[in-house]
Protein chains: 2
Amino acid sequence: MDNPVAGRRPGRVTIKDVAADAGVSVAAVSKVLRDAYGVSDALRAKVRASMQKLNYRPLAAARGMRGQTFTLGFLIPDLHNPFFSDIFAGMTAALERTQYQMLLGVSDSAEPHEKALMESMIDRQMDGVMVIGPRMPIDEIRDFAARIPTVLIAHHPREDENFDTVNNNDRHGAELVVQHLVAGGYRNIAYLSQDIHGANLETMVTTEREIGYRAAMRDAGLGKYIRVVKAMQTSRETQAEARQLLQARTPPEAIFCWTDFIALEVLSVARELGLSVPGDLAVVGYDNTSYCDLAQNSLTSIDQSGQVLGLQAARLLIERIRGRTEPENFVMTPRVVARNSSRAKAG
Amino acid sequence: MDNPVAGRRPGRVTIKDVAADAGVSVAAVSKVLRDAYGVSDALRAKVRASMQKLNYRPLAAARGMRGQTFTLGFLIPDLHNPFFSDIFAGMTAALERTQYQMLLGVSDSAEPHEKALMESMIDRQMDGVMVIGPRMPIDEIRDFAARIPTVLIAHHPREDENFDTVNNNDRHGAELVVQHLVAGGYRNIAYLSQDIHGANLETMVTTEREIGYRAAMRDAGLGKYIRVVKAMQTSRETQAEARQLLQARTPPEAIFCWTDFIALEVLSVARELGLSVPGDLAVVGYDNTSYCDLAQNSLTSIDQSGQVLGLQAARLLIERIRGRTEPENFVMTPRVVARNSSRAKAG
DNA sequence: TGTTCTACGTATAGCGTTCTACATTTTCTG
DNA sequence: CAGAAAATGTAGAACGCTATACGTAGAACA
């Protein structure tokens, strides 16, 4: 039913025009463009001058047919979580002086969208992709990684794979949270995690955090207080779970939320229920996003430095594009950033 | 200095393979692909079956050389503002059943990045672009729009242009804010706007909102209270300006912030200064993003329905790609969503 | 002075599509 | 049933670039 108008826009300056202007062959211009072997300084200068003069820009679409497109894909689950912004900033910094351009795909946390975006990045001949917390099963990830250089962020591999990963030590982060709360006099500490239907559980950051949480609780002799609640990532559902938790016969003294985003919802529910934070309830988030610093939130969180993660991801991806095939797994050490929401109990 | 490895990945199923499998010509397959004229049902079925069987996917990079890439670009200033997420959702809905894919560029609110991203979207032969609040001067926008179908969001055109626009009625929105506050008993109302160095002021939403604010203040007989403060979009600078404003000899009773984002910072500063909201200070934002609803913010805001804006933007862009050349300017009517931060004064 | 390198350029065959021009078959018309 | 018109299919030339294969000149060597 579509009868689309052709999309070609004529009059573009091509490599041919540059060659004609500089009085050299097309091949010579291409060589200059690619910094290839066998170009004299004189020729290079001539060609560069013509490119400048004509305002030439290589057509990525054409390049894609034979070589690289110098385009990297970045696949994120949503446009809500401000943590992604930190990661993105790190990537931008890493790519600053390169000729790579980054384009983003937003999967809406939906597996079909995620796959479609991966496919379409491959169709567009991108040189590589970075993905945050992929939802699709591991064997599909492997298939994609075999077709395009891939770096995964916030995905804990079980063994050596054909992609690289970048993470913070999520177990340790969760342990830090528990230790911090315990030091502040809190004992009944719950963990509010993410409910993802049908995902590859064992590699998820929330799972790692849960393991860390459980271990630290047991180590502190608080095994009997272990309580893990999972909520889908919608405001409604998160608030419903939080409300239920806080209205239980023995509500927790503290809630550790798997990400800041969710912690803010919990703060909201607490206030609506007339609970004071940290008086009646301590709340801790994860990621240390900019919202934590606002006085109305003053949310204790775990800093995993998104900037560093992004930078490393970009670095690893470019290495991989250049030919490295042995997997690398970068792990960052997280730290607690204490704020009012988890202030130590008086007495 | 780069000596990159070639990026080609072999073994891809091409139109040729499909043609061979179906026992027809390459041209025939292409016709089926494009829903072009002159294909019998039998042929179509045969080709479709082969495509399915071989799991064929058209290579966008190759398509870009002759026809469309079915890729749309969406250029946003940053990854922080949750309002963009609403707009994005609207676009996604509009593109749901089409074969268009959307890829995002993030300009970091920087003019050079913005231009570079526009260029690179053109280089990648995207079929069209949507841009939120472009920073570059109007004549450069015109140049780009001449090269690629363009829809601008949150940019108020002065006259007919070679691009479409999608907006809410920002003047009216600002008027609604003032009227709402005045009805609540507030008189000394300040406007906290955005400070952008060297941008095309006259088309910006913040300018429109300022005009609406001034007009409504005058209409309400509050001309002498008019006060406009501008801050760059960083947390530090915003908070500094807010602090200065609130510590002045006669601080405002209410602050209207050009976007929610900024209003949250103001709420933070107010709390740090020991001011109660709305007791000592009313705060109103713009965009009605999800953060407004959190109890700790409970921020009154103007709803301009990002979903609708995004949907319209995508619709207009596709129309334009199909060949429309007369500009269209969609304008949405905003409405107040009152919350606690601007509750009417007692007595 | 030949001969062999090395450095520098060029010609040109693709890459996977689209789309015009044309050939062939089928259907319609009188 | 002839002739025209419509329907269906094919060949093949682009599109802008990359990269291989090759040519040619000058330098180095014997």
# chains A, B, ... in the order shown; residues from 1 in each chain; ligands from 1

call {"tool": "interface_residues", "arguments": {"of": "chain A", "to": "chain D", "cutoff": "10 Å", "atoms": "only C-alpha atoms (C1' of nucleotides)", "output": "PyMOL selection string"}}
result
chain A and resi 8+13-16+26-27+30-31+34+58-68

call {"tool": "write_last_selection", "arguments": {"atoms": "N, CA and C atoms", "output": "compact mmCIF listing (two decimals), in the first residue's frame"}}
result
# COMPACT_ATOMS: atom_id res chain seq x y z
N ARG A 8 16.17 9.94 -2.98
CA ARG A 8 17.49 10.43 -3.38
C ARG A 8 17.52 11.94 -3.52
N VAL A 13 28.31 16.34 -3.45
CA VAL A 13 29.71 16.28 -3.86
C VAL A 13 30.24 14.88 -3.60
N THR A 14 30.76 14.25 -4.64
CA THR A 14 31.27 12.90 -4.47
C THR A 14 32.79 12.88 -4.60
N ILE A 15 33.30 11.72 -4.35
CA ILE A 15 34.74 11.49 -4.45
C ILE A 15 35.22 11.81 -5.87
N LYS A 16 34.35 11.62 -6.82
CA LYS A 16 34.65 11.88 -8.22
C LYS A 16 34.89 13.37 -8.45
N VAL A 26 40.22 8.85 -8.84
CA VAL A 26 39.29 8.53 -7.76
C VAL A 26 39.99 7.69 -6.69
N ALA A 27 40.79 6.77 -7.16
CA ALA A 27 41.48 5.88 -6.23
C ALA A 27 42.38 6.67 -5.28
N SER A 30 40.35 8.24 -2.59
CA SER A 30 39.94 7.22 -1.63
C SER A 30 41.09 6.88 -0.69
N LYS A 31 42.28 6.79 -1.24
CA LYS A 31 43.44 6.49 -0.41
C LYS A 31 43.65 7.57 0.66
N ARG A 34 41.22 7.23 3.37
CA ARG A 34 41.39 6.10 4.27
C ARG A 34 42.77 6.07 4.92
N PRO A 58 32.13 12.15 2.94
CA PRO A 58 31.91 10.80 2.45
C PRO A 58 30.50 10.32 2.80
N LEU A 59 29.90 9.64 1.88
CA LEU A 59 28.56 9.12 2.10
C LEU A 59 28.66 7.78 2.83
N ALA A 60 28.20 7.81 4.08
CA ALA A 60 28.34 6.60 4.90
C ALA A 60 27.63 5.42 4.25
N ALA A 61 26.49 5.68 3.64
CA ALA A 61 25.73 4.60 3.02
C ALA A 61 26.57 3.89 1.97
N ALA A 62 27.32 4.64 1.20
CA ALA A 62 28.15 4.05 0.15
C ALA A 62 29.34 3.32 0.76
N ARG A 63 29.93 3.93 1.75
CA ARG A 63 31.04 3.29 2.42
C ARG A 63 30.63 1.93 2.97
N GLY A 64 29.42 1.90 3.47
CA GLY A 64 28.95 0.68 4.10
C GLY A 64 28.96 -0.51 3.16
N MET A 65 28.89 -0.24 1.86
CA MET A 65 28.83 -1.34 0.92
C MET A 65 30.14 -2.10 0.81
N ARG A 66 31.23 -1.40 1.08
CA ARG A 66 32.53 -2.06 0.95
C ARG A 66 33.33 -2.04 2.24
N GLY A 67 33.29 -0.94 2.94
CA GLY A 67 34.15 -0.82 4.11
C GLY A 67 33.37 -0.53 5.37
N GLN A 68 33.88 0.38 6.14
CA GLN A 68 33.25 0.72 7.40
C GLN A 68 32.31 1.92 7.23

call {"tool": "interface_residues", "arguments": {"of": "chain B", "to": "chain A", "cutoff": "6 Å", "atoms": "only C-alpha atoms", "output": "ChimeraX atom specification"}}
result
/B:4-8,59-61,64,67-68,79-80,82,85,103-105,123-124,268,294-296,322

call {"tool": "closest_atom_pairs", "arguments": {"of": "chain C", "to": "chain A", "cutoff": "8 Å", "atoms": "only C-alpha atoms (C1' of nucleotides)", "output": "Markdown table"}}
result
| residue | atom | partner | partner_atom | distance |
| --- | --- | --- | --- | --- |
| C:DA7 | C1' | A:Gly38 | CA | 6.7 |
| C:DC8 | C1' | A:Gly38 | CA | 5.5 |
| C:DG9 | C1' | A:Ala28 | CA | 7.0 |
| C:DT10 | C1' | A:Ser25 | CA | 6.4 |
| C:DC15 | C1' | A:Met65 | CA | 4.7 |
| C:DG16 | C1' | A:Met65 | CA | 7.5 |

call {"tool": "write_last_selection", "arguments": {"atoms": "N, CA and C atoms (P, O5', C5', C4', C3', O3' and C1' of nucleotides)", "output": "PDB file, in the first residue's frame"}}
result
ATOM      1  P    DA C   7      59.341   2.180   0.125  1.00  0.00           P
ATOM      2  O5'  DA C   7      58.768   3.347  -0.791  1.00  0.00           O
ATOM      3  C5'  DA C   7      59.672   4.224  -1.457  1.00  0.00           C
ATOM      4  C4'  DA C   7      58.889   5.117  -2.386  1.00  0.00           C
ATOM      5  C3'  DA C   7      57.536   5.583  -1.834  1.00  0.00           C
ATOM      6  O3'  DA C   7      57.409   6.963  -2.115  1.00  0.00           O
ATOM      7  C1'  DA C   7      57.214   4.485  -3.905  1.00  0.00           C
ATOM      8  P    DC C   8      56.153   7.767  -1.569  1.00  0.00           P
ATOM      9  O5'  DC C   8      55.208   7.756  -2.835  1.00  0.00           O
ATOM     10  C5'  DC C   8      55.640   8.475  -4.015  1.00  0.00           C
ATOM     11  C4'  DC C   8      54.706   8.131  -5.133  1.00  0.00           C
ATOM     12  C3'  DC C   8      53.238   8.534  -4.921  1.00  0.00           C
ATOM     13  O3'  DC C   8      52.922   9.487  -5.915  1.00  0.00           O
ATOM     14  C1'  DC C   8      53.443   6.393  -5.895  1.00  0.00           C
ATOM     15  P    DG C   9      51.667  10.470  -5.684  1.00  0.00           P
ATOM     16  O5'  DG C   9      50.774  10.099  -6.938  1.00  0.00           O
ATOM     17  C5'  DG C   9      50.651   8.740  -7.267  1.00  0.00           C
ATOM     18  C4'  DG C   9      50.134   8.568  -8.664  1.00  0.00           C
ATOM     19  C3'  DG C   9      48.615   8.712  -8.730  1.00  0.00           C
ATOM     20  O3'  DG C   9      48.188   9.254  -9.974  1.00  0.00           O
ATOM     21  C1'  DG C   9      49.281   6.417  -8.973  1.00  0.00           C
ATOM     22  P    DT C  10      46.632   9.374 -10.263  1.00  0.00           P
ATOM     23  O5'  DT C  10      46.384   7.980 -10.987  1.00  0.00           O
ATOM     24  C5'  DT C  10      47.164   7.648 -12.145  1.00  0.00           C
ATOM     25  C4'  DT C  10      46.562   6.428 -12.811  1.00  0.00           C
ATOM     26  C3'  DT C  10      45.046   6.485 -13.002  1.00  0.00           C
ATOM     27  O3'  DT C  10      44.756   5.969 -14.286  1.00  0.00           O
ATOM     28  C1'  DT C  10      45.609   4.570 -11.753  1.00  0.00           C
ATOM     29  P    DC C  15      30.460  -8.771  -5.318  1.00  0.00           P
ATOM     30  O5'  DC C  15      29.890  -7.751  -4.253  1.00  0.00           O
ATOM     31  C5'  DC C  15      30.580  -7.494  -3.032  1.00  0.00           C
ATOM     32  C4'  DC C  15      29.914  -6.337  -2.349  1.00  0.00           C
ATOM     33  C3'  DC C  15      28.388  -6.392  -2.423  1.00  0.00           C
ATOM     34  O3'  DC C  15      27.895  -7.002  -1.231  1.00  0.00           O
ATOM     35  C1'  DC C  15      29.253  -4.165  -2.839  1.00  0.00           C
ATOM     36  P    DG C  16      26.821  -8.201  -1.384  1.00  0.00           P
ATOM     37  O5'  DG C  16      25.476  -7.368  -1.448  1.00  0.00           O
ATOM     38  C5'  DG C  16      25.129  -6.573  -0.334  1.00  0.00           C
ATOM     39  C4'  DG C  16      23.952  -5.709  -0.693  1.00  0.00           C
ATOM     40  C3'  DG C  16      22.732  -6.487  -1.183  1.00  0.00           C
ATOM     41  O3'  DG C  16      21.597  -5.894  -0.586  1.00  0.00           O
ATOM     42  C1'  DG C  16      23.359  -4.876  -2.780  1.00  0.00           C
TER      43       DG C  16
END

call {"tool": "atom_distance", "arguments": {"atom1": "atom CA of Leu309 of chain B", "atom2": "atom CA of Arg135 of chain A"}}
result
29.0 Å

call {"tool": "select_by_dssp", "arguments": {"residues": "segment 71-289 of chain A", "states": "helix (DSSP H, G or I)", "output": "JSON, numbers by chain"}}
result
{"A": [83, 84, 85, 86, 87, 88, 89, 90, 91, 92, 93, 94, 95, 111, 112, 113, 114, 115, 116, 117, 118, 119, 120, 121, 122, 123, 138, 139, 140, 141, 142, 143, 144, 145, 146, 147, 170, 171, 172, 173, 174, 175, 176, 177, 178, 179, 180, 181, 182, 183, 201, 202, 203, 205, 206, 207, 208, 209, 210, 211, 212, 213, 214, 215, 216, 217, 218, 219, 223, 224, 225, 235, 236, 237, 238, 239, 240, 241, 242, 243, 244, 245, 246, 260, 261, 262, 263, 264, 265, 266, 267, 268, 269, 270, 271, 272]}

call {"tool": "residues_around", "arguments": {"residues": "Leu316 of chain B", "least_positions_apart": "6", "cutoff": "10 Å", "atoms": "only C-alpha atoms (C1' of nucleotides)", "output": "MDAnalysis selection string"}}
result
chainID B and resid 130 149:151 163:166 310 322 324 327:330

call {"tool": "write_last_selection", "arguments": {"atoms": "N, CA and C atoms", "output": "PDB file, in the first residue's frame"}}
result
ATOM      1  N   MET B 130      13.787  14.455  12.807  1.00  0.00           N
ATOM      2  CA  MET B 130      12.990  15.266  13.730  1.00  0.00           C
ATOM      3  C   MET B 130      13.938  15.814  14.778  1.00  0.00           C
ATOM      4  N   PRO B 149      14.149  15.928   4.548  1.00  0.00           N
ATOM      5  CA  PRO B 149      12.854  16.249   5.147  1.00  0.00           C
ATOM      6  C   PRO B 149      12.996  16.434   6.661  1.00  0.00           C
ATOM      7  N   THR B 150      12.465  17.531   7.139  1.00  0.00           N
ATOM      8  CA  THR B 150      12.734  17.917   8.524  1.00  0.00           C
ATOM      9  C   THR B 150      11.471  18.345   9.261  1.00  0.00           C
ATOM     10  N   VAL B 151      11.334  17.892  10.487  1.00  0.00           N
ATOM     11  CA  VAL B 151      10.275  18.372  11.367  1.00  0.00           C
ATOM     12  C   VAL B 151      10.918  18.867  12.654  1.00  0.00           C
ATOM     13  N   PHE B 163      10.321  23.495   6.430  1.00  0.00           N
ATOM     14  CA  PHE B 163      10.198  22.370   7.351  1.00  0.00           C
ATOM     15  C   PHE B 163       8.872  22.492   8.089  1.00  0.00           C
ATOM     16  N   ASP B 164       8.469  21.423   8.742  1.00  0.00           N
ATOM     17  CA  ASP B 164       7.245  21.453   9.552  1.00  0.00           C
ATOM     18  C   ASP B 164       7.606  21.681  11.016  1.00  0.00           C
ATOM     19  N   THR B 165       6.629  22.092  11.777  1.00  0.00           N
ATOM     20  CA  THR B 165       6.882  22.246  13.213  1.00  0.00           C
ATOM     21  C   THR B 165       5.745  21.652  14.036  1.00  0.00           C
ATOM     22  N   VAL B 166       6.092  21.282  15.236  1.00  0.00           N
ATOM     23  CA  VAL B 166       5.119  20.754  16.184  1.00  0.00           C
ATOM     24  C   VAL B 166       5.376  21.429  17.530  1.00  0.00           C
ATOM     25  N   GLY B 310       4.833  13.922  19.724  1.00  0.00           N
ATOM     26  CA  GLY B 310       5.664  12.946  19.028  1.00  0.00           C
ATOM     27  C   GLY B 310       4.920  12.281  17.888  1.00  0.00           C
ATOM     28  N   ARG B 322       6.867  11.645   1.785  1.00  0.00           N
ATOM     29  CA  ARG B 322       6.053  11.213   0.647  1.00  0.00           C
ATOM     30  C   ARG B 322       5.892  12.313  -0.387  1.00  0.00           C
ATOM     31  N   ARG B 324       5.011  15.972   0.340  1.00  0.00           N
ATOM     32  CA  ARG B 324       4.410  17.275   0.660  1.00  0.00           C
ATOM     33  C   ARG B 324       5.512  18.313   0.813  1.00  0.00           C
ATOM     34  N   PRO B 327       4.623  23.807   4.140  1.00  0.00           N
ATOM     35  CA  PRO B 327       4.878  23.572   5.559  1.00  0.00           C
ATOM     36  C   PRO B 327       3.597  23.441   6.362  1.00  0.00           C
ATOM     37  N   GLU B 328       3.662  22.612   7.400  1.00  0.00           N
ATOM     38  CA  GLU B 328       2.549  22.536   8.340  1.00  0.00           C
ATOM     39  C   GLU B 328       3.064  22.809   9.738  1.00  0.00           C
ATOM     40  N   ASN B 329       2.253  23.503  10.518  1.00  0.00           N
ATOM     41  CA  ASN B 329       2.656  23.828  11.882  1.00  0.00           C
ATOM     42  C   ASN B 329       1.576  23.381  12.845  1.00  0.00           C
ATOM     43  N   PHE B 330       1.846  22.292  13.518  1.00  0.00           N
ATOM     44  CA  PHE B 330       0.863  21.750  14.450  1.00  0.00           C
ATOM     45  C   PHE B 330       1.033  22.401  15.822  1.00  0.00           C
TER      46      PHE B 330
END

call {"tool": "atom_distance", "arguments": {"atom1": "atom CA of Arg315 of chain B", "atom2": "atom CA of Ala94 of chain B"}}
result
6.8 Å

call {"tool": "atom_distance", "arguments": {"atom1": "atom CA of Asp21 of chain B", "atom2": "atom CA of Asp143 of chain A"}}
result
24.2 Å

call {"tool": "select_by_dssp", "arguments": {"residues": "segment 85-291 of chain A", "states": "strand (DSSP E)", "output": "PyMOL selection string"}}
result
chain A and resi 101-106+128-132+150-153+164-168+189-194+227-231+254-257+282-284

call {"tool": "residues_around", "arguments": {"residues": "Leu201 of chain B", "least_positions_apart": "6", "cutoff": "10 Å", "atoms": "only C-alpha atoms (C1' of nucleotides)", "output": "PyMOL selection string"}}
result
chain B and resi 135+137+195+207-208

call {"tool": "closest_residue", "arguments": {"among": "B:Leu181, B:Leu281, B:Ala174, B:Leu311", "to": "Glu210 of chain B", "atoms": "only C-alpha atoms"}}
result
B:Ala174
